[in-house]
Amino acid sequence: MGQSVLVPGFARVGGRLYADGVSLSRIARDIGTPTYVYSAARIREQYRRLESALMSALPDVAHRIHFSVKANSNLAVLRTLQELGAGVDIVSAGELYRTREAGFGGADVVFSGVGKTADELSQALNSMVLFINVESEGELRLLNDVAASMELVAPVTLRVNPEVTVESPHEYIRTGEKGHKFGIPYDDAMHVAMLAHELPHVKLVGLDMHIGSQISTWAPYEQALARIKPLIASLRAAGVTTLQWLDIGGGLAVTYDDEAPADVDRFAAGVAEAVRGLGLSLVVEPGRFLVAESGVLLTRVLYRKRSGGKEYIITDAGMNDLVRPSHYQAYHRIDAVDTVDTQVTADVVGPVCESGDFLALQRVMPDVQPGDLLAVQTAGAYGFVMASNYNSRPRPAEVIVDGDRFALATERERLEDLVRLERAHLRWRNAE
């Protein structure tokens, strides 16, 4: 039978939606709903697409792709990327632990994040990470003290805020504009870099930038790199000879609705033009780009309801499972797993006791009925990782598909898991 691809990795065969070679209805039958389903083949395709573009454009520049773990920290997903040769970009000790469990070594890890604790810095040094992206003078001084207490020298790159304006779907995913919490203000960068050069227990090995997410054109990267390159020249002129890395972050766009996807070949060509001749190795940190289109959230329709002249489709997945529509006003395509010929305009809402609990508003979509399955598409990034137990609802299961086989990657939480770390019978302590 012919296939009509809806999202890469997901195709309709004989009127039923499949993840690679496995029907989503089979997964729902065996695992239940709500469940996140990931296509390993789609992850591999995206990684190889970016790697091929970089290899073609940068044959003479060493480079590394480090997956941004905050996009999807599932161990099976991480393991898939580790087997491809990826490194990782992490922002917490928890992500460091996960990446080690998935098989990444210390040299595969870049430790970023605006609010690292002394304990996290110590763990990073114990793990011998490739480098630590420092985001403030205060963090730099703390890291120097932590490294001194361990009799080590910490490899450091400085995340510089290039202070460029980026057009993105939501202000929360812009990170490189003036006044944002991320990175070292551009006007302070030279001062902090020279301090890093002088402190005895840190070694300045590079500069870093990250300007945001869902960036579909080369122009913002070009503008940001035009701000970073003079800093490199100034540091070298000031006698800094230890620079090895230029980390340009991630942010490559994917398509949720009708947005333009990132032009990976143009991105690679632009990077090549910008960094060739700098004598530095390149780090790229894609997150969403590698995993977003690999995933769907599988959910079952519970009820149909009409109120105030509006149609409601009530599902067993809500904002606790996928918060992006409520938090970012994000659009996700929603399709019926089994073909439905008629359409309806409806709000797709979940079971959470909040008016903001919705997956779609006034959406023209298949006229599904109770018991039918829906696939919320492009949900492989910032889906499960942002899930919560709000309303004391167990978090969903995660499944990974590889060809014509599938495996449970995360068990569905049970009710007893909700209170596993809590205490009803308290052991009181007296204040002294």
# chains A, B, ... in the order shown; residues from 1 in each chain; ligands from 1

call {"tool": "residues_around", "arguments": {"residues": "Ala19 of chain A", "least_positions_apart": "5", "cutoff": "12 Å", "atoms": "only C-alpha atoms", "output": "mmCIF file with C-alpha atoms, in the first residue's frame"}}
result
data_model
loop_
_atom_site.group_PDB
_atom_site.id
_atom_site.type_symbol
_atom_site.label_atom_id
_atom_site.label_comp_id
_atom_site.auth_asym_id
_atom_site.auth_seq_id
_atom_site.Cartn_x
_atom_site.Cartn_y
_atom_site.Cartn_z
ATOM 1 C CA VAL A 5 4.153 10.833 5.258
ATOM 2 C CA LEU A 6 2.707 13.238 7.847
ATOM 3 C CA VAL A 7 5.834 13.792 9.907
ATOM 4 C CA PRO A 8 9.202 12.165 9.077
ATOM 5 C CA GLY A 9 9.266 8.889 11.020
ATOM 6 C CA PHE A 10 5.457 8.665 11.007
ATOM 7 C CA ALA A 11 3.416 7.492 8.028
ATOM 8 C CA ARG A 12 -0.126 6.405 7.259
ATOM 9 C CA VAL A 13 -0.460 2.844 5.974
ATOM 10 C CA LEU A 24 0.457 3.423 16.991
ATOM 11 C CA SER A 25 -2.711 1.501 17.780
ATOM 12 C CA ARG A 26 -0.568 -1.543 18.635
ATOM 13 C CA ILE A 27 1.528 0.567 21.000
ATOM 14 C CA ALA A 28 -1.621 1.980 22.620
ATOM 15 C CA TYR A 36 5.261 9.382 24.154
ATOM 16 C CA VAL A 37 6.498 7.457 21.103
ATOM 17 C CA TYR A 38 9.906 8.166 19.538
ATOM 18 C CA SER A 39 11.305 7.054 16.187
ATOM 19 C CA ALA A 40 14.969 6.068 16.468
ATOM 20 C CA ALA A 41 15.252 6.196 12.676
ATOM 21 C CA ARG A 42 14.168 9.836 12.611
ATOM 22 C CA GLU A 293 10.092 15.446 14.785
ATOM 23 C CA SER A 294 10.990 12.005 16.147
ATOM 24 C CA GLY A 295 8.172 12.016 18.695
ATOM 25 C CA VAL A 296 4.396 12.000 19.111
ATOM 26 C CA LEU A 297 2.227 12.045 22.203
ATOM 27 C CA LEU A 298 -0.303 9.250 21.867
ATOM 28 C CA VAL A 337 -4.471 7.417 14.425
ATOM 29 C CA ALA A 375 -1.281 11.569 17.846
ATOM 30 C CA GLN A 377 2.873 15.461 16.538
ATOM 31 C CA VAL A 399 8.330 4.095 23.987
ATOM 32 C CA ILE A 400 11.060 3.985 21.349
ATOM 33 C CA VAL A 401 10.500 2.407 17.940
ATOM 34 C CA ASP A 402 13.323 1.045 15.808
ATOM 35 C CA GLY A 403 12.194 -0.361 12.475
ATOM 36 C CA ASP A 404 9.474 -2.943 13.061
ATOM 37 C CA ARG A 405 10.098 -3.336 16.791
ATOM 38 C CA PHE A 406 9.372 -1.190 19.820
#

call {"tool": "residues_around", "arguments": {"residues": "Val61 of chain A", "least_positions_apart": "5", "cutoff": "9 Å", "atoms": "only C-alpha atoms", "output": "list of chain:residue names"}}
result
A:Met55, A:Ala272, A:Val275, A:Arg276, A:Gly277, A:Gly279, A:Leu280, A:Ser281, A:Leu282

call {"tool": "select_by_dssp", "arguments": {"residues": "segment 190-377 of chain A", "states": "helix (DSSP H, G or I)", "output": "PDB file with C-alpha atoms, in the first residue's frame"}}
result
ATOM      1  CA  MET A 190      36.666  41.116  27.842  1.00  0.00           C
ATOM      2  CA  HIS A 191      37.040  41.909  31.541  1.00  0.00           C
ATOM      3  CA  VAL A 192      35.731  38.492  32.627  1.00  0.00           C
ATOM      4  CA  ALA A 193      37.839  36.728  30.003  1.00  0.00           C
ATOM      5  CA  MET A 194      41.016  38.388  31.249  1.00  0.00           C
ATOM      6  CA  LEU A 195      40.065  37.457  34.800  1.00  0.00           C
ATOM      7  CA  ALA A 196      39.697  33.838  33.661  1.00  0.00           C
ATOM      8  CA  HIS A 197      43.116  34.095  32.063  1.00  0.00           C
ATOM      9  CA  GLU A 198      44.631  35.309  35.340  1.00  0.00           C
ATOM     10  CA  ALA A 219      21.300  36.007   9.644  1.00  0.00           C
ATOM     11  CA  PRO A 220      21.090  35.908  13.485  1.00  0.00           C
ATOM     12  CA  TYR A 221      24.037  33.527  13.691  1.00  0.00           C
ATOM     13  CA  GLU A 222      25.995  35.727  11.313  1.00  0.00           C
ATOM     14  CA  GLN A 223      25.291  38.799  13.433  1.00  0.00           C
ATOM     15  CA  ALA A 224      26.204  37.021  16.654  1.00  0.00           C
ATOM     16  CA  LEU A 225      29.452  35.581  15.301  1.00  0.00           C
ATOM     17  CA  ALA A 226      30.383  39.028  14.000  1.00  0.00           C
ATOM     18  CA  ARG A 227      30.260  40.137  17.650  1.00  0.00           C
ATOM     19  CA  ILE A 228      32.186  37.139  19.023  1.00  0.00           C
ATOM     20  CA  LYS A 229      35.078  37.098  16.553  1.00  0.00           C
ATOM     21  CA  PRO A 230      36.528  40.485  17.625  1.00  0.00           C
ATOM     22  CA  LEU A 231      36.660  39.222  21.207  1.00  0.00           C
ATOM     23  CA  ILE A 232      38.780  36.288  20.069  1.00  0.00           C
ATOM     24  CA  ALA A 233      41.142  38.662  18.277  1.00  0.00           C
ATOM     25  CA  SER A 234      41.323  40.962  21.309  1.00  0.00           C
ATOM     26  CA  LEU A 235      42.091  38.095  23.662  1.00  0.00           C
ATOM     27  CA  ARG A 236      44.887  36.855  21.457  1.00  0.00           C
ATOM     28  CA  ALA A 237      46.274  40.353  21.182  1.00  0.00           C
ATOM     29  CA  VAL A 264      21.035  23.041   7.383  1.00  0.00           C
ATOM     30  CA  ASP A 265      23.296  23.375   4.355  1.00  0.00           C
ATOM     31  CA  ARG A 266      23.112  27.181   4.507  1.00  0.00           C
ATOM     32  CA  PHE A 267      23.794  27.033   8.233  1.00  0.00           C
ATOM     33  CA  ALA A 268      26.867  24.861   7.721  1.00  0.00           C
ATOM     34  CA  ALA A 269      28.157  27.030   4.885  1.00  0.00           C
ATOM     35  CA  GLY A 270      27.705  30.158   6.983  1.00  0.00           C
ATOM     36  CA  VAL A 271      29.481  28.626   9.939  1.00  0.00           C
ATOM     37  CA  ALA A 272      32.326  27.549   7.683  1.00  0.00           C
ATOM     38  CA  GLU A 273      32.740  31.058   6.315  1.00  0.00           C
ATOM     39  CA  ALA A 274      32.655  32.572   9.802  1.00  0.00           C
ATOM     40  CA  VAL A 275      35.036  30.242  11.635  1.00  0.00           C
ATOM     41  CA  ARG A 288      15.006  20.336  19.301  1.00  0.00           C
ATOM     42  CA  PHE A 289      16.386  19.863  15.775  1.00  0.00           C
ATOM     43  CA  LEU A 290      17.518  16.307  16.516  1.00  0.00           C
ATOM     44  CA  VAL A 291      14.482  14.990  18.396  1.00  0.00           C
ATOM     45  CA  ALA A 292      11.337  17.112  17.971  1.00  0.00           C
ATOM     46  CA  GLU A 293      10.092  15.446  14.785  1.00  0.00           C
ATOM     47  CA  SER A 294      10.990  12.005  16.147  1.00  0.00           C
ATOM     48  CA  ARG A 324       3.956  23.649  25.502  1.00  0.00           C
ATOM     49  CA  PRO A 325       0.514  24.657  24.116  1.00  0.00           C
ATOM     50  CA  SER A 326      -0.444  26.270  27.423  1.00  0.00           C
ATOM     51  CA  HIS A 327       2.953  27.693  28.393  1.00  0.00           C
ATOM     52  CA  TYR A 328       4.243  28.832  24.993  1.00  0.00           C
TER      53      TYR A 328
END

call {"tool": "residues_around", "arguments": {"residues": "Val134 of chain A", "least_positions_apart": "2", "cutoff": "12 Å", "atoms": "only C-alpha atoms", "output": "short mmCIF file (atom, residue, chain, number, x, y, z; two decimals) with C-alpha atoms, in the first residue's frame"}}
result
data_model
loop_
_atom_site.label_atom_id
_atom_site.label_comp_id
_atom_site.auth_asym_id
_atom_site.auth_seq_id
_atom_site.Cartn_x
_atom_site.Cartn_y
_atom_site.Cartn_z
CA VAL A 91 22.60 22.11 32.45
CA VAL A 110 29.83 20.33 27.99
CA PHE A 111 28.33 21.71 31.22
CA SER A 112 26.24 24.84 30.67
CA GLY A 113 23.61 26.64 32.75
CA VAL A 114 23.21 30.02 34.39
CA GLY A 115 22.90 28.82 38.00
CA LYS A 116 25.36 26.02 38.72
CA THR A 117 25.92 25.22 42.40
CA LEU A 121 30.78 22.36 39.64
CA PHE A 131 34.68 22.22 29.53
CA ILE A 132 32.34 24.26 31.72
CA SER A 136 28.98 35.20 35.12
CA GLU A 137 31.98 36.60 36.96
CA GLY A 138 30.58 35.24 40.21
CA GLU A 139 30.41 31.72 38.79
CA LEU A 140 33.95 32.04 37.47
CA ARG A 141 35.28 32.99 40.91
CA LEU A 142 33.34 30.18 42.59
CA LEU A 143 34.64 27.65 40.06
CA ASN A 144 38.20 28.83 40.72
CA ALA A 154 39.07 23.77 35.44
CA PRO A 155 38.66 24.02 31.64
CA VAL A 156 36.42 27.04 31.02
CA THR A 157 34.62 28.65 28.14
CA LEU A 158 32.73 31.89 28.65
CA ARG A 159 29.16 32.16 27.42
CA VAL A 160 29.00 35.65 25.96
CA ASN A 161 25.64 37.27 25.29
CA PHE A 182 21.87 34.13 30.04
CA GLY A 183 25.55 34.69 29.44
CA ILE A 184 27.99 37.47 30.24
CA ALA A 189 33.10 39.91 28.30
CA VAL A 192 35.73 38.49 32.63
CA ALA A 193 37.84 36.73 30.00
CA ALA A 196 39.70 33.84 33.66
CA VAL A 202 40.79 27.93 35.69
CA LYS A 203 42.01 27.70 32.13
CA LEU A 204 40.22 29.75 29.48
CA VAL A 205 39.81 27.35 26.55
CA GLY A 206 37.16 29.09 24.46
CA LEU A 207 34.09 31.25 23.99
CA ASP A 208 30.45 30.25 23.75
CA MET A 209 27.20 31.78 22.55
#

call {"tool": "closest_residue", "arguments": {"among": "A:Pro185, A:Ser392, A:Thr299, A:Val352", "to": "Ile31 of chain A", "atoms": "only C-alpha atoms"}}
result
A:Thr299

call {"tool": "closest_residue", "arguments": {"among": "A:Ser56, A:Glu120, A:Leu361, A:Arg79", "to": "Arg100 of chain A", "atoms": "only C-alpha atoms"}}
result
A:Arg79

call {"tool": "residues_around", "arguments": {"residues": "Ala253 of chain A", "least_positions_apart": "2", "cutoff": "6 Å", "atoms": "only C-alpha atoms", "output": "CSV table (one decimal) with C-alpha atoms, in the first residue's frame"}}
result
chain,number,residue,atom,x,y,z
A,214,GLN,CA,13.5,27.9,16.4
A,215,ILE,CA,15.9,30.0,14.3
A,216,SER,CA,15.3,29.3,10.6
A,261,PRO,CA,12.6,24.7,8.7
A,262,ALA,CA,16.2,25.4,9.2

call {"tool": "residues_around", "arguments": {"residues": "Glu311 of chain A", "least_positions_apart": "6", "cutoff": "10 Å", "atoms": "only C-alpha atoms", "output": "ChimeraX atom specification"}}
result
/A:304-305,344-348,362-363

call {"tool": "write_last_selection", "arguments": {"atoms": "N, CA and C atoms", "output": "PDB file, in the first residue's frame"}}
result
ATOM      1  N   ARG A 304     -16.747  13.560  24.260  1.00  0.00           N
ATOM      2  CA  ARG A 304     -17.098  14.711  23.432  1.00  0.00           C
ATOM      3  C   ARG A 304     -18.102  15.549  24.218  1.00  0.00           C
ATOM      4  N   LYS A 305     -18.011  16.864  24.059  1.00  0.00           N
ATOM      5  CA  LYS A 305     -18.853  17.760  24.841  1.00  0.00           C
ATOM      6  C   LYS A 305     -19.102  19.031  24.047  1.00  0.00           C
ATOM      7  N   VAL A 344     -14.215  18.521  12.261  1.00  0.00           N
ATOM      8  CA  VAL A 344     -14.925  19.330  13.226  1.00  0.00           C
ATOM      9  C   VAL A 344     -13.976  20.441  13.683  1.00  0.00           C
ATOM     10  N   THR A 345     -14.531  21.552  14.096  1.00  0.00           N
ATOM     11  CA  THR A 345     -13.733  22.608  14.730  1.00  0.00           C
ATOM     12  C   THR A 345     -13.954  22.493  16.232  1.00  0.00           C
ATOM     13  N   ALA A 346     -12.875  22.221  16.972  1.00  0.00           N
ATOM     14  CA  ALA A 346     -13.033  21.914  18.391  1.00  0.00           C
ATOM     15  C   ALA A 346     -11.813  22.348  19.186  1.00  0.00           C
ATOM     16  N   ASP A 347     -12.025  22.515  20.503  1.00  0.00           N
ATOM     17  CA  ASP A 347     -10.928  22.634  21.451  1.00  0.00           C
ATOM     18  C   ASP A 347     -10.564  21.224  21.906  1.00  0.00           C
ATOM     19  N   VAL A 348      -9.280  20.908  21.858  1.00  0.00           N
ATOM     20  CA  VAL A 348      -8.802  19.621  22.372  1.00  0.00           C
ATOM     21  C   VAL A 348      -8.238  19.886  23.758  1.00  0.00           C
ATOM     22  N   GLN A 362      -9.800  25.763  19.046  1.00  0.00           N
ATOM     23  CA  GLN A 362     -10.513  26.030  17.794  1.00  0.00           C
ATOM     24  C   GLN A 362      -9.772  25.453  16.597  1.00  0.00           C
ATOM     25  N   ARG A 363      -9.460  24.185  16.701  1.00  0.00           N
ATOM     26  CA  ARG A 363      -8.691  23.469  15.687  1.00  0.00           C
ATOM     27  C   ARG A 363      -9.633  22.725  14.742  1.00  0.00           C
TER      28      ARG A 363
END

call {"tool": "select_by_dssp", "arguments": {"residues": "segment 221-365 of chain A", "states": "strand (DSSP E)", "output": "number ranges by chain"}}
result
A: 245-247, 281-284, 295-307, 310-315, 334-336, 343-349, 358-365

call {"tool": "atom_distance", "arguments": {"atom1": "atom CA of Gln369 of chain A", "atom2": "atom CA of Gln343 of chain A"}}
result
11.3 Å

call {"tool": "residues_around", "arguments": {"residues": "Gly371 of chain A", "least_positions_apart": "6", "cutoff": "7 Å", "atoms": "only C-alpha atoms", "output": "PyMOL selection string"}}
result
chain A and resi 300-302

call {"tool": "residues_around", "arguments": {"residues": "Thr410 of chain A", "least_positions_apart": "2", "cutoff": "9 Å", "atoms": "only C-alpha atoms", "output": "PDB file with N, CA and C atoms, in the first residue's frame"}}
result
ATOM      1  N   ASN A  74      15.539  11.252  27.889  1.00  0.00           N
ATOM      2  CA  ASN A  74      15.260   9.827  28.008  1.00  0.00           C
ATOM      3  C   ASN A  74      16.532   9.022  27.720  1.00  0.00           C
ATOM      4  N   LEU A  75      16.803   8.022  28.544  1.00  0.00           N
ATOM      5  CA  LEU A  75      18.040   7.257  28.405  1.00  0.00           C
ATOM      6  C   LEU A  75      18.140   6.545  27.066  1.00  0.00           C
ATOM      7  N   ALA A  76      17.025   6.030  26.545  1.00  0.00           N
ATOM      8  CA  ALA A  76      17.058   5.337  25.255  1.00  0.00           C
ATOM      9  C   ALA A  76      17.357   6.315  24.120  1.00  0.00           C
ATOM     10  N   PRO A 396       3.397  10.078  31.924  1.00  0.00           N
ATOM     11  CA  PRO A 396       3.140   9.045  30.914  1.00  0.00           C
ATOM     12  C   PRO A 396       4.318   8.112  30.711  1.00  0.00           C
ATOM     13  N   ALA A 397       4.064   7.062  29.960  1.00  0.00           N
ATOM     14  CA  ALA A 397       5.121   6.143  29.538  1.00  0.00           C
ATOM     15  C   ALA A 397       5.854   6.731  28.333  1.00  0.00           C
ATOM     16  N   GLU A 398       7.052   6.190  28.067  1.00  0.00           N
ATOM     17  CA  GLU A 398       7.803   6.533  26.856  1.00  0.00           C
ATOM     18  C   GLU A 398       8.189   5.240  26.146  1.00  0.00           C
ATOM     19  N   VAL A 399       8.037   5.254  24.830  1.00  0.00           N
ATOM     20  CA  VAL A 399       8.330   4.095  23.987  1.00  0.00           C
ATOM     21  C   VAL A 399       9.257   4.542  22.869  1.00  0.00           C
ATOM     22  N   LEU A 408       9.582  -0.465  25.596  1.00  0.00           N
ATOM     23  CA  LEU A 408       9.225   0.476  26.650  1.00  0.00           C
ATOM     24  C   LEU A 408      10.505   1.123  27.164  1.00  0.00           C
ATOM     25  N   ARG A 412       5.237   3.754  32.830  1.00  0.00           N
ATOM     26  CA  ARG A 412       4.261   4.720  33.313  1.00  0.00           C
ATOM     27  C   ARG A 412       4.330   4.775  34.846  1.00  0.00           C
ATOM     28  N   GLU A 413       4.333   5.985  35.389  1.00  0.00           N
ATOM     29  CA  GLU A 413       4.332   6.103  36.835  1.00  0.00           C
ATOM     30  C   GLU A 413       3.068   5.491  37.426  1.00  0.00           C
TER      31      GLU A 413
END

call {"tool": "atom_distance", "arguments": {"atom1": "atom CA of Ala107 of chain A", "atom2": "atom CA of Leu125 of chain A"}}
result
10.9 Å

call {"tool": "closest_residue", "arguments": {"among": "A:Phe67, A:Ser213, A:Leu278, A:Leu50", "to": "Leu243 of chain A", "atoms": "only C-alpha atoms"}}
result
A:Leu278

call {"tool": "atom_distance", "arguments": {"atom1": "atom CA of Gly250 of chain A", "atom2": "atom CA of Ser68 of chain A"}}
result
8.0 Å

call {"tool": "closest_residue", "arguments": {"among": "A:Gly239, A:Asp145, A:Ala379, A:His210", "to": "Thr255 of chain A", "atoms": "only C-alpha atoms"}}
result
A:Ala379
